[in-house]
file protein.cif (mmCIF, C-alpha atoms)
data_query
#
loop_
_atom_site.label_atom_id
_atom_site.label_comp_id
_atom_site.auth_asym_id
_atom_site.auth_seq_id
_atom_site.Cartn_x
_atom_site.Cartn_y
_atom_site.Cartn_z
CA MET A 1 -16.77 -3.55 35.25
CA ASN A 2 -18.48 -0.18 35.06
CA PRO A 3 -20.38 -0.13 31.73
CA VAL A 4 -19.08 3.34 30.81
CA LEU A 5 -15.47 2.31 31.50
CA SER A 6 -15.99 -0.91 29.55
CA GLU A 7 -17.32 1.00 26.54
CA TRP A 8 -14.39 3.41 26.55
CA LEU A 9 -11.80 0.63 26.89
CA ASN A 10 -13.55 -1.24 24.08
CA PHE A 11 -13.56 1.85 21.88
CA ILE A 12 -9.90 2.75 22.48
CA ALA A 13 -8.58 -0.81 22.09
CA ARG A 14 -10.67 -1.39 18.96
CA TRP A 15 -9.53 1.85 17.33
CA VAL A 16 -5.86 1.13 18.07
CA HIS A 17 -6.26 -2.48 16.93
CA VAL A 18 -7.84 -1.61 13.59
CA PHE A 19 -5.44 1.22 12.80
CA ALA A 20 -2.34 -0.76 13.79
CA GLY A 21 -3.62 -3.72 11.77
CA ILE A 22 -4.01 -1.54 8.70
CA MET A 23 -0.42 -0.34 9.04
CA TRP A 24 0.93 -3.86 9.65
CA VAL A 25 -0.92 -5.62 6.84
CA GLY A 26 -0.27 -2.72 4.48
CA THR A 27 3.46 -2.79 5.19
CA THR A 28 3.59 -6.56 4.85
CA TYR A 29 1.89 -6.57 1.45
CA TYR A 30 3.92 -3.58 0.25
CA PHE A 31 7.22 -5.32 0.93
CA THR A 32 5.88 -8.57 -0.53
CA TRP A 33 4.97 -6.70 -3.72
CA LEU A 34 8.41 -5.02 -3.76
CA ASP A 35 10.22 -8.32 -3.33
CA ALA A 36 8.26 -9.94 -6.17
CA ARG A 37 8.93 -7.04 -8.56
CA LEU A 38 12.61 -6.87 -7.61
CA THR A 39 12.99 -10.62 -8.13
CA GLU A 40 11.59 -10.21 -11.64
CA GLU A 41 13.97 -7.31 -12.25
CA GLU A 42 16.94 -9.33 -10.98
CA LYS A 43 16.17 -12.08 -13.50
CA ALA A 44 15.83 -9.54 -16.31
CA ILE A 45 19.26 -7.97 -15.67
CA ALA A 46 21.06 -11.10 -14.46
CA ASN A 47 23.85 -10.73 -17.03
CA VAL A 48 24.24 -6.97 -16.81
CA GLY A 49 25.83 -6.75 -13.39
CA GLU A 50 23.61 -3.93 -12.16
CA SER A 51 21.49 -3.75 -9.04
CA ALA A 52 17.77 -4.37 -9.46
CA GLN A 53 15.68 -1.24 -8.98
CA ILE A 54 12.01 -0.39 -8.87
CA TRP A 55 10.83 3.10 -9.78
CA MET A 56 7.55 4.35 -8.32
CA VAL A 57 5.50 7.51 -8.21
CA HIS A 58 3.38 8.55 -5.24
CA SER A 59 1.91 11.84 -4.07
CA GLY A 60 4.31 14.59 -5.18
CA GLY A 61 7.49 12.63 -5.79
CA PHE A 62 9.26 9.80 -7.55
CA TYR A 63 10.92 7.00 -5.59
CA VAL A 64 13.52 4.39 -6.45
CA VAL A 65 13.92 1.26 -4.33
CA GLU A 66 16.92 -1.03 -4.57
CA LYS A 67 17.32 -4.43 -2.94
CA ARG A 68 20.68 -5.40 -1.46
CA LYS A 69 21.71 -8.45 0.47
CA VAL A 70 24.45 -6.46 2.23
CA PRO A 71 24.26 -2.68 2.92
CA ASP A 72 27.19 -0.65 1.63
CA GLU A 73 27.28 1.64 4.65
CA LEU A 74 26.63 0.17 8.09
CA SER A 75 26.39 3.67 9.53
CA ARG A 76 23.13 4.30 7.67
CA LYS A 77 19.99 4.08 9.74
CA LEU A 78 17.96 0.94 9.20
CA HIS A 79 14.21 1.39 9.43
CA TRP A 80 12.56 -1.54 11.16
CA PHE A 81 8.91 -2.44 10.75
CA ARG A 82 8.01 -4.24 13.95
CA TRP A 83 5.91 -2.12 16.27
CA GLU A 84 2.87 -2.41 13.99
CA ALA A 85 2.78 -6.15 14.71
CA ALA A 86 3.26 -5.71 18.45
CA THR A 87 0.64 -2.96 18.71
CA THR A 88 -1.88 -4.98 16.69
CA TRP A 89 -1.47 -8.07 18.85
CA LEU A 90 -1.44 -6.26 22.20
CA SER A 91 -4.53 -4.20 21.37
CA GLY A 92 -6.24 -7.33 20.03
CA PHE A 93 -5.55 -9.24 23.23
CA ALA A 94 -6.83 -6.24 25.22
CA LEU A 95 -10.07 -6.50 23.23
CA LEU A 96 -10.32 -10.20 24.05
CA VAL A 97 -10.04 -9.36 27.73
CA VAL A 98 -12.52 -6.47 27.68
CA VAL A 99 -15.13 -8.01 25.37
CA TYR A 100 -14.88 -11.73 26.15
CA TYR A 101 -12.89 -12.55 29.27
CA ILE A 102 -14.34 -10.04 31.74
CA GLY A 103 -17.71 -11.41 32.77
CA GLY A 104 -17.75 -14.09 30.07
CA GLY A 105 -21.11 -13.02 28.67
CA ALA A 106 -19.86 -13.08 25.08
CA LEU A 107 -17.50 -15.99 25.70
CA ILE A 108 -19.86 -18.66 27.02
CA ASP A 109 -23.00 -20.07 25.46
CA ARG A 110 -24.80 -22.42 27.87
CA ASP A 111 -26.54 -24.07 24.93
CA VAL A 112 -23.11 -25.04 23.56
CA ALA A 113 -21.28 -26.03 26.74
CA ASP A 114 -22.06 -25.44 30.41
CA ILE A 115 -18.57 -24.46 31.56
CA GLY A 116 -17.25 -21.95 34.07
CA LEU A 117 -15.69 -18.60 33.21
CA TRP A 118 -12.14 -19.52 34.16
CA MET A 119 -12.29 -22.75 32.19
CA ALA A 120 -13.51 -20.84 29.13
CA VAL A 121 -10.76 -18.23 29.52
CA ALA A 122 -8.15 -20.99 29.92
CA ILE A 123 -9.41 -22.63 26.71
CA GLY A 124 -9.24 -19.30 24.88
CA VAL A 125 -5.74 -18.33 26.02
CA GLY A 126 -4.51 -21.91 25.71
CA SER A 127 -5.66 -22.07 22.09
CA LEU A 128 -3.41 -19.11 21.27
CA ILE A 129 -0.37 -20.65 22.95
CA VAL A 130 -0.90 -24.14 21.55
CA GLY A 131 -1.65 -22.73 18.09
CA TRP A 132 1.70 -20.93 17.95
CA LEU A 133 3.67 -23.87 19.39
CA VAL A 134 2.18 -26.38 16.95
CA TYR A 135 2.74 -24.07 13.97
CA ASP A 136 6.32 -23.24 14.96
CA LEU A 137 7.25 -26.87 15.63
CA LEU A 138 5.86 -27.86 12.23
CA MET A 139 7.79 -25.06 10.55
CA ILE A 140 11.14 -26.01 12.07
CA SER A 141 10.53 -29.71 11.36
CA PRO A 142 11.35 -31.33 7.99
CA LEU A 143 7.67 -30.84 7.10
CA GLY A 144 8.28 -27.09 6.93
CA LYS A 145 10.35 -27.62 3.79
CA ASN A 146 7.44 -29.25 1.94
CA GLU A 147 5.14 -26.30 1.31
CA LYS A 148 2.20 -28.20 -0.19
CA LEU A 149 2.13 -30.86 2.52
CA PHE A 150 2.49 -28.18 5.19
CA VAL A 151 -0.46 -26.20 3.79
CA PHE A 152 -2.64 -29.31 3.73
CA LEU A 153 -1.81 -30.24 7.32
CA ALA A 154 -2.21 -26.63 8.46
CA TYR A 155 -5.66 -26.52 6.88
CA VAL A 156 -6.68 -29.74 8.67
CA LEU A 157 -5.46 -28.31 11.98
CA VAL A 158 -7.30 -25.01 11.43
CA VAL A 159 -10.57 -26.84 10.74
CA ALA A 160 -10.00 -29.07 13.78
CA ALA A 161 -9.37 -26.01 15.96
CA ALA A 162 -12.52 -24.33 14.65
CA TYR A 163 -14.58 -27.46 15.25
CA GLY A 164 -13.24 -27.90 18.76
CA LEU A 165 -13.73 -24.26 19.78
CA THR A 166 -17.31 -24.16 18.48
CA ARG A 167 -18.06 -27.07 20.83
CA VAL A 168 -16.95 -25.26 23.99
CA LEU A 169 -17.30 -21.50 23.33
CA SER A 170 -20.01 -19.31 21.86
CA GLY A 171 -20.04 -19.11 18.07
CA ARG A 172 -18.66 -15.59 17.95
CA ALA A 173 -16.02 -16.30 20.57
CA ALA A 174 -14.89 -19.37 18.65
CA TYR A 175 -14.48 -17.32 15.46
CA ILE A 176 -12.59 -14.58 17.24
CA HIS A 177 -10.22 -17.12 18.80
CA VAL A 178 -9.51 -18.82 15.48
CA GLY A 179 -8.64 -15.37 14.14
CA ALA A 180 -6.59 -14.66 17.26
CA ILE A 181 -4.63 -17.89 16.70
CA PHE A 182 -3.71 -16.64 13.23
CA GLY A 183 -2.88 -13.20 14.61
CA THR A 184 -0.73 -14.66 17.38
CA ILE A 185 1.19 -16.76 14.87
CA MET A 186 1.73 -13.72 12.65
CA ALA A 187 2.98 -11.51 15.50
CA ALA A 188 5.17 -14.28 16.92
CA ASN A 189 6.63 -14.85 13.45
CA VAL A 190 7.71 -11.20 13.40
CA TRP A 191 9.13 -10.98 16.90
CA MET A 192 10.42 -14.51 17.49
CA ARG A 193 11.60 -15.59 14.05
CA ILE A 194 11.93 -12.74 11.53
CA LEU A 195 13.50 -10.03 13.74
CA PRO A 196 16.03 -12.37 15.43
CA ALA A 197 17.13 -13.61 11.99
CA GLN A 198 17.57 -10.04 10.77
CA LYS A 199 19.59 -9.12 13.87
CA LYS A 200 21.89 -12.12 13.37
CA MET A 201 22.46 -11.09 9.75
CA ILE A 202 23.34 -7.53 10.78
CA ALA A 203 25.67 -8.80 13.51
CA ALA A 204 27.47 -10.96 10.93
CA ILE A 205 27.92 -7.97 8.61
CA GLN A 206 29.28 -5.84 11.45
CA ALA A 207 31.74 -8.62 12.26
CA GLY A 208 32.94 -8.64 8.66
CA GLN A 209 31.31 -11.98 7.89
CA LYS A 210 28.92 -13.03 5.19
CA PRO A 211 25.35 -13.22 6.50
CA ASP A 212 23.74 -16.64 6.52
CA GLU A 213 21.43 -16.82 3.50
CA LYS A 214 19.42 -19.57 5.20
CA LEU A 215 18.34 -17.06 7.84
CA ALA A 216 17.12 -14.72 5.12
CA ALA A 217 15.22 -17.52 3.40
CA ARG A 218 13.53 -18.60 6.63
CA ALA A 219 12.55 -15.04 7.52
CA LYS A 220 11.18 -14.51 4.01
CA LEU A 221 9.09 -17.71 4.25
CA ARG A 222 7.58 -16.63 7.56
CA SER A 223 6.76 -13.22 6.11
CA LYS A 224 5.19 -14.88 3.08
CA GLN A 225 2.98 -17.02 5.30
CA ASN A 226 1.92 -13.92 7.22
CA THR A 227 0.53 -12.45 3.98
CA PHE A 228 -1.55 -15.60 3.46
CA MET A 229 -2.91 -15.53 7.01
CA ALA A 230 -3.81 -11.83 6.85
CA VAL A 231 -6.86 -12.21 4.56
CA PRO A 232 -8.75 -14.86 6.58
CA VAL A 233 -7.80 -13.00 9.77
CA VAL A 234 -9.66 -9.90 8.57
CA PHE A 235 -12.80 -11.97 7.93
CA LEU A 236 -12.57 -13.78 11.26
CA MET A 237 -12.02 -10.54 13.17
CA ILE A 238 -15.11 -8.84 11.72
CA SER A 239 -17.25 -11.99 11.81
CA ASN A 240 -18.94 -10.90 15.04
CA HIS A 241 -20.79 -8.29 12.97
CA PHE A 242 -22.43 -11.05 10.91
CA GLY A 243 -24.40 -13.21 13.32
CA GLY A 244 -25.63 -15.63 10.67
CA VAL A 245 -22.07 -16.77 10.01
CA THR A 246 -21.24 -17.48 13.62
CA THR A 247 -24.49 -19.08 14.78
CA GLY A 248 -26.64 -22.01 13.80
CA GLY A 249 -24.27 -24.92 14.51
CA TYR A 250 -22.40 -24.75 11.18
CA ASP A 251 -19.75 -22.26 12.32
CA TRP A 252 -16.76 -24.54 11.76
CA ILE A 253 -17.98 -25.43 8.25
CA HIS A 254 -17.98 -21.75 7.31
CA VAL A 255 -14.39 -21.50 8.55
CA ALA A 256 -13.45 -24.62 6.57
CA ILE A 257 -14.76 -22.97 3.39
CA LEU A 258 -13.75 -19.36 3.89
CA VAL A 259 -10.16 -19.84 5.13
CA PRO A 260 -8.91 -21.44 1.88
CA VAL A 261 -10.87 -18.81 -0.06
CA GLY A 262 -8.91 -16.21 1.90
CA TRP A 263 -5.66 -17.98 1.08
CA MET A 264 -6.50 -17.95 -2.62
CA ALA A 265 -7.39 -14.26 -2.41
CA ALA A 266 -4.05 -13.60 -0.71
CA LYS A 267 -2.24 -15.41 -3.52
CA PHE A 268 -3.94 -13.14 -6.04
CA ILE A 269 -3.20 -9.99 -4.02
CA ARG A 270 0.46 -10.95 -3.67
CA ARG A 271 0.81 -11.05 -7.46
CA ALA A 272 -1.33 -8.00 -8.25
#

call {"tool": "encode", "arguments": {"input": "protein.cif", "output": "structure tokens"}}
result
Amino acid sequence: MNPVLSEWLNFIARWVHVFAGIMWVGTTYYFTWLDARLTEEEKAIANVGESAQIWMVHSGGFYVVEKRKVPDELSRKLHWFRWEAATTWLSGFALLVVVYYIGGGALIDRDVADIGLWMAVAIGVGSLIVGWLVYDLLMISPLGKNEKLFVFLAYVLVVAAAYGLTRVLSGRAAYIHVGAIFGTIMAANVWMRILPAQKKMIAAIQAGQKPDEKLAARAKLRSKQNTFMAVPVVFLMISNHFGGVTTGGYDWIHVAILVPVGWMAAKFIRRA
């Protein structure tokens, strides 16, 4: 590819990716914070019979937010938060193509593994697909109901993926692909699990039926897990700016340490 064209594509995709990611993660944590505060409020007024409300102040106005399981007026416009996830993932995949897949200079390290470009690309793309399939199958299995056991197994699989990728791709490419696995899971959660559940709930309301609370619980769990994945994703995505972390043969050990640190940080942020 022409170097000038490559630089411009890199610049545009990176700018869109970062900005869309800020909007997506910010929205995710905002609604997580709202849900936690409203849950506390619901417990406080459980015997009063009133709707839980959160009052906030921002810029030049005061805002009140109320949580309802069923809207009182179906004619009101519902504001969906979905394109942030799609834009973040699409721009991120565009960056993978521009920076790593075209030419393969940043993707392959002959000192790590002497493989061809198309094999390396297949490993990279395949890791995203397999990562989502394994995660989703675990979530819909009985194991998905045991949060602690699921977290332990997920951690083992993340470390295994990091170890395997650092044995076939360059250190930086391996890090980026571990982050891309997280990002793919997060985006797929939104578009393949959360949004369809929300649409089914709205369809039930329009049909005069009570929405399935199990759908709401599943969508909420997926959204919760997205908030935990967001913190390590940010580290993994900017790791290519810190060569000492992604070189030297200990790459997967850094991931093994820093991912749970990110999860703990996310737990603190969720409650802040």

call {"tool": "atom_distance", "arguments": {"input": "protein.cif", "atom1": "CA of Glu84 in chain A", "atom2": "CA of Val4 in chain A"}}
result
28.2 Å

call {"tool": "atom_distance", "arguments": {"input": "protein.cif", "atom1": "CA of Ala106 in chain A", "atom2": "CA of Ala174 in chain A"}}
result
10.3 Å

call {"tool": "resolve_selection", "arguments": {"input": "protein.cif", "expression": "the PyMOL selection byres ((chain A and resi 51-63) around 8)", "output": "VMD selection string"}}
result
chain A and resid 34 37 to 39 41 to 42 45 49 to 50 64 to 68

call {"tool": "write_last_selection", "arguments": {"input": "protein.cif", "atoms": "C-alpha atoms", "output": "tab-separated table (two decimals), keeping the file's coordinate frame"}}
result
chain	number	residue	atom	x	y	z
A	34	LEU	CA	8.41	-5.02	-3.76
A	37	ARG	CA	8.93	-7.04	-8.56
A	38	LEU	CA	12.61	-6.87	-7.61
A	39	THR	CA	12.99	-10.62	-8.13
A	41	GLU	CA	13.97	-7.31	-12.25
A	42	GLU	CA	16.94	-9.33	-10.98
A	45	ILE	CA	19.26	-7.97	-15.67
A	49	GLY	CA	25.83	-6.75	-13.39
A	50	GLU	CA	23.61	-3.93	-12.16
A	64	VAL	CA	13.52	4.39	-6.45
A	65	VAL	CA	13.92	1.26	-4.33
A	66	GLU	CA	16.92	-1.03	-4.57
A	67	LYS	CA	17.32	-4.43	-2.94
A	68	ARG	CA	20.68	-5.40	-1.46

call {"tool": "resolve_selection", "arguments": {"input": "protein.cif", "expression": "the PyMOL selection byres ((chain A and resi 151) around 12)", "output": "list in words"}}
result
Tyr135, Leu138, Met139, Leu143, Gly144, Lys145, Asn146, Glu147, Lys148, Leu149, Phe150, Phe152, Leu153, Ala154, Tyr155, Val156, Leu157, Val158, Gln225, Phe228, Met229, Val259, Pro260 and Trp263 of chain A

call {"tool": "write_last_selection", "arguments": {"input": "protein.cif", "atoms": "C-alpha atoms", "output": "short mmCIF file (atom, residue, chain, number, x, y, z; two decimals), in the coordinates of the input"}}
result
data_model
loop_
_atom_site.label_atom_id
_atom_site.label_comp_id
_atom_site.auth_asym_id
_atom_site.auth_seq_id
_atom_site.Cartn_x
_atom_site.Cartn_y
_atom_site.Cartn_z
CA TYR A 135 2.74 -24.07 13.97
CA LEU A 138 5.86 -27.86 12.23
CA MET A 139 7.79 -25.06 10.55
CA LEU A 143 7.67 -30.84 7.10
CA GLY A 144 8.28 -27.09 6.93
CA LYS A 145 10.35 -27.62 3.79
CA ASN A 146 7.44 -29.25 1.94
CA GLU A 147 5.14 -26.30 1.31
CA LYS A 148 2.20 -28.20 -0.19
CA LEU A 149 2.13 -30.86 2.52
CA PHE A 150 2.49 -28.18 5.19
CA PHE A 152 -2.64 -29.31 3.73
CA LEU A 153 -1.81 -30.24 7.32
CA ALA A 154 -2.21 -26.63 8.46
CA TYR A 155 -5.66 -26.52 6.88
CA VAL A 156 -6.68 -29.74 8.67
CA LEU A 157 -5.46 -28.31 11.98
CA VAL A 158 -7.30 -25.01 11.43
CA GLN A 225 2.98 -17.02 5.30
CA PHE A 228 -1.55 -15.60 3.46
CA MET A 229 -2.91 -15.53 7.01
CA VAL A 259 -10.16 -19.84 5.13
CA PRO A 260 -8.91 -21.44 1.88
CA TRP A 263 -5.66 -17.98 1.08
#

call {"tool": "resolve_selection", "arguments": {"input": "protein.cif", "expression": "the PyMOL selection byres ((chain A and resi 103) around 12)", "output": "ChimeraX atom specification"}}
result
/A:1-3,6,96-102,104-108,116-118,120-121

call {"tool": "residues_around", "arguments": {"input": "protein.cif", "residues": "Leu258 in chain A", "least_positions_apart": "2", "cutoff": "12 Å", "atoms": "all atoms listed in the file", "output": "short mmCIF file (atom, residue, chain, number, x, y, z; two decimals) with C-alpha atoms, keeping the file's coordinate frame"}}
result
data_model
loop_
_atom_site.label_atom_id
_atom_site.label_comp_id
_atom_site.auth_asym_id
_atom_site.auth_seq_id
_atom_site.Cartn_x
_atom_site.Cartn_y
_atom_site.Cartn_z
CA TYR A 155 -5.66 -26.52 6.88
CA VAL A 158 -7.30 -25.01 11.43
CA VAL A 159 -10.57 -26.84 10.74
CA ALA A 162 -12.52 -24.33 14.65
CA TYR A 175 -14.48 -17.32 15.46
CA MET A 229 -2.91 -15.53 7.01
CA VAL A 231 -6.86 -12.21 4.56
CA PRO A 232 -8.75 -14.86 6.58
CA VAL A 233 -7.80 -13.00 9.77
CA VAL A 234 -9.66 -9.90 8.57
CA PHE A 235 -12.80 -11.97 7.93
CA LEU A 236 -12.57 -13.78 11.26
CA SER A 239 -17.25 -11.99 11.81
CA VAL A 245 -22.07 -16.77 10.01
CA ASP A 251 -19.75 -22.26 12.32
CA TRP A 252 -16.76 -24.54 11.76
CA ILE A 253 -17.98 -25.43 8.25
CA HIS A 254 -17.98 -21.75 7.31
CA VAL A 255 -14.39 -21.50 8.55
CA ALA A 256 -13.45 -24.62 6.57
CA PRO A 260 -8.91 -21.44 1.88
CA VAL A 261 -10.87 -18.81 -0.06
CA GLY A 262 -8.91 -16.21 1.90
CA TRP A 263 -5.66 -17.98 1.08
CA MET A 264 -6.50 -17.95 -2.62
CA ALA A 265 -7.39 -14.26 -2.41
#

call {"tool": "atom_distance", "arguments": {"input": "protein.cif", "atom1": "CA of Ala188 in chain A", "atom2": "CA of Val125 in chain A"}}
result
14.8 Å

call {"tool": "residues_around", "arguments": {"input": "protein.cif", "residues": "range 208-224 of chain A", "least_positions_apart": "3", "cutoff": "7 Å", "atoms": "all atoms listed in the file", "output": "MDAnalysis selection string"}}
result
chainID A and resid 189 193:194 197 201 204:205 227:228

call {"tool": "write_last_selection", "arguments": {"input": "protein.cif", "atoms": "C-alpha atoms", "output": "mmCIF file, keeping the file's coordinate frame"}}
result
data_model
loop_
_atom_site.group_PDB
_atom_site.id
_atom_site.type_symbol
_atom_site.label_atom_id
_atom_site.label_comp_id
_atom_site.auth_asym_id
_atom_site.auth_seq_id
_atom_site.Cartn_x
_atom_site.Cartn_y
_atom_site.Cartn_z
ATOM 1 C CA ASN A 189 6.630 -14.850 13.450
ATOM 2 C CA ARG A 193 11.600 -15.590 14.050
ATOM 3 C CA ILE A 194 11.930 -12.740 11.530
ATOM 4 C CA ALA A 197 17.130 -13.610 11.990
ATOM 5 C CA MET A 201 22.460 -11.090 9.750
ATOM 6 C CA ALA A 204 27.470 -10.960 10.930
ATOM 7 C CA ILE A 205 27.920 -7.970 8.610
ATOM 8 C CA THR A 227 0.530 -12.450 3.980
ATOM 9 C CA PHE A 228 -1.550 -15.600 3.460
#

call {"tool": "residues_around", "arguments": {"input": "protein.cif", "residues": "Gly179 in chain A", "least_positions_apart": "2", "cutoff": "6 Å", "atoms": "all atoms listed in the file", "output": "mmCIF file with C-alpha atoms, keeping the file's coordinate frame"}}
result
data_model
loop_
_atom_site.group_PDB
_atom_site.id
_atom_site.type_symbol
_atom_site.label_atom_id
_atom_site.label_comp_id
_atom_site.auth_asym_id
_atom_site.auth_seq_id
_atom_site.Cartn_x
_atom_site.Cartn_y
_atom_site.Cartn_z
ATOM 1 C CA ILE A 176 -12.590 -14.580 17.240
ATOM 2 C CA HIS A 177 -10.220 -17.120 18.800
ATOM 3 C CA ILE A 181 -4.630 -17.890 16.700
ATOM 4 C CA PHE A 182 -3.710 -16.640 13.230
ATOM 5 C CA VAL A 233 -7.800 -13.000 9.770
ATOM 6 C CA LEU A 236 -12.570 -13.780 11.260
ATOM 7 C CA MET A 237 -12.020 -10.540 13.170
#

call {"tool": "residues_around", "arguments": {"input": "protein.cif", "residues": "range 13-30 of chain A", "least_positions_apart": "5", "cutoff": "10 Å", "atoms": "only C-alpha atoms", "output": "PyMOL selection string"}}
result
chain A and resi 7-8+35+81-96+98+183+187+223-224+226-228+230-231+234+237+266+269-270

call {"tool": "closest_residue", "arguments": {"input": "protein.cif", "among": "A:Val178, A:Ile185, A:Ala46, A:Leu5", "to": "Val134 in chain A", "atoms": "all atoms listed in the file"}}
result
A:Ile185

call {"tool": "decode", "arguments": {"input": "protein.cif", "residues": "range 200-222 of chain A", "atoms": "N, CA and C atoms", "output": "mmCIF file, in the first residue's frame"}}
result
data_model
loop_
_atom_site.group_PDB
_atom_site.id
_atom_site.type_symbol
_atom_site.label_atom_id
_atom_site.label_comp_id
_atom_site.auth_asym_id
_atom_site.auth_seq_id
_atom_site.Cartn_x
_atom_site.Cartn_y
_atom_site.Cartn_z
ATOM 1 N N LYS A 200 -37.160 -8.062 22.124
ATOM 2 C CA LYS A 200 -38.189 -9.036 22.513
ATOM 3 C C LYS A 200 -39.042 -8.490 23.648
ATOM 4 N N MET A 201 -38.420 -7.772 24.581
ATOM 5 C CA MET A 201 -39.165 -7.196 25.697
ATOM 6 C C MET A 201 -40.123 -6.116 25.197
ATOM 7 N N ILE A 202 -39.666 -5.293 24.263
ATOM 8 C CA ILE A 202 -40.527 -4.246 23.712
ATOM 9 C C ILE A 202 -41.679 -4.860 22.924
ATOM 10 N N ALA A 203 -41.385 -5.912 22.152
ATOM 11 C CA ALA A 203 -42.437 -6.584 21.384
ATOM 12 C C ALA A 203 -43.500 -7.165 22.312
ATOM 13 N N ALA A 204 -43.080 -7.711 23.448
ATOM 14 C CA ALA A 204 -44.038 -8.261 24.417
ATOM 15 C C ALA A 204 -44.925 -7.155 24.980
ATOM 16 N N ILE A 205 -44.342 -6.016 25.291
ATOM 17 C CA ILE A 205 -45.114 -4.887 25.821
ATOM 18 C C ILE A 205 -46.125 -4.408 24.789
ATOM 19 N N GLN A 206 -45.696 -4.300 23.534
ATOM 20 C CA GLN A 206 -46.606 -3.853 22.473
ATOM 21 C C GLN A 206 -47.740 -4.838 22.243
ATOM 22 N N ALA A 207 -47.486 -6.107 22.550
ATOM 23 C CA ALA A 207 -48.522 -7.131 22.404
ATOM 24 C C ALA A 207 -49.392 -7.245 23.644
ATOM 25 N N GLY A 208 -49.160 -6.379 24.626
ATOM 26 C CA GLY A 208 -49.949 -6.403 25.842
ATOM 27 C C GLY A 208 -49.552 -7.494 26.811
ATOM 28 N N GLN A 209 -48.349 -8.013 26.662
ATOM 29 C CA GLN A 209 -47.863 -9.086 27.532
ATOM 30 C C GLN A 209 -46.800 -8.556 28.482
ATOM 31 N N LYS A 210 -46.574 -9.311 29.528
ATOM 32 C CA LYS A 210 -45.529 -8.943 30.473
ATOM 33 C C LYS A 210 -44.181 -9.382 29.920
ATOM 34 N N PRO A 211 -43.208 -8.477 29.872
ATOM 35 C CA PRO A 211 -41.890 -8.859 29.339
ATOM 36 C C PRO A 211 -41.209 -9.893 30.216
ATOM 37 N N ASP A 212 -40.457 -10.763 29.597
ATOM 38 C CA ASP A 212 -39.745 -11.826 30.298
ATOM 39 C C ASP A 212 -38.607 -11.226 31.123
ATOM 40 N N GLU A 213 -38.697 -11.348 32.440
ATOM 41 C CA GLU A 213 -37.658 -10.791 33.302
ATOM 42 C C GLU A 213 -36.325 -11.509 33.154
ATOM 43 N N LYS A 214 -36.362 -12.763 32.682
ATOM 44 C CA LYS A 214 -35.112 -13.500 32.461
ATOM 45 C C LYS A 214 -34.290 -12.846 31.348
ATOM 46 N N LEU A 215 -34.977 -12.317 30.342
ATOM 47 C CA LEU A 215 -34.274 -11.632 29.260
ATOM 48 C C LEU A 215 -33.557 -10.401 29.792
ATOM 49 N N ALA A 216 -34.249 -9.667 30.672
ATOM 50 C CA ALA A 216 -33.643 -8.477 31.260
ATOM 51 C C ALA A 216 -32.426 -8.839 32.104
ATOM 52 N N ALA A 217 -32.538 -9.923 32.865
ATOM 53 C CA ALA A 217 -31.435 -10.348 33.728
ATOM 54 C C ALA A 217 -30.222 -10.779 32.897
ATOM 55 N N ARG A 218 -30.472 -11.491 31.806
ATOM 56 C CA ARG A 218 -29.369 -11.933 30.952
ATOM 57 C C ARG A 218 -28.688 -10.752 30.277
ATOM 58 N N ALA A 219 -29.491 -9.812 29.796
ATOM 59 C CA ALA A 219 -28.920 -8.630 29.148
ATOM 60 C C ALA A 219 -28.105 -7.811 30.148
ATOM 61 N N LYS A 220 -28.608 -7.703 31.370
ATOM 62 C CA LYS A 220 -27.900 -6.954 32.409
ATOM 63 C C LYS A 220 -26.572 -7.619 32.751
ATOM 64 N N LEU A 221 -26.551 -8.958 32.790
ATOM 65 C CA LEU A 221 -25.315 -9.685 33.100
ATOM 66 C C LEU A 221 -24.273 -9.470 32.005
ATOM 67 N N ARG A 222 -24.714 -9.507 30.751
ATOM 68 C CA ARG A 222 -23.772 -9.280 29.650
ATOM 69 C C ARG A 222 -23.211 -7.857 29.715
#
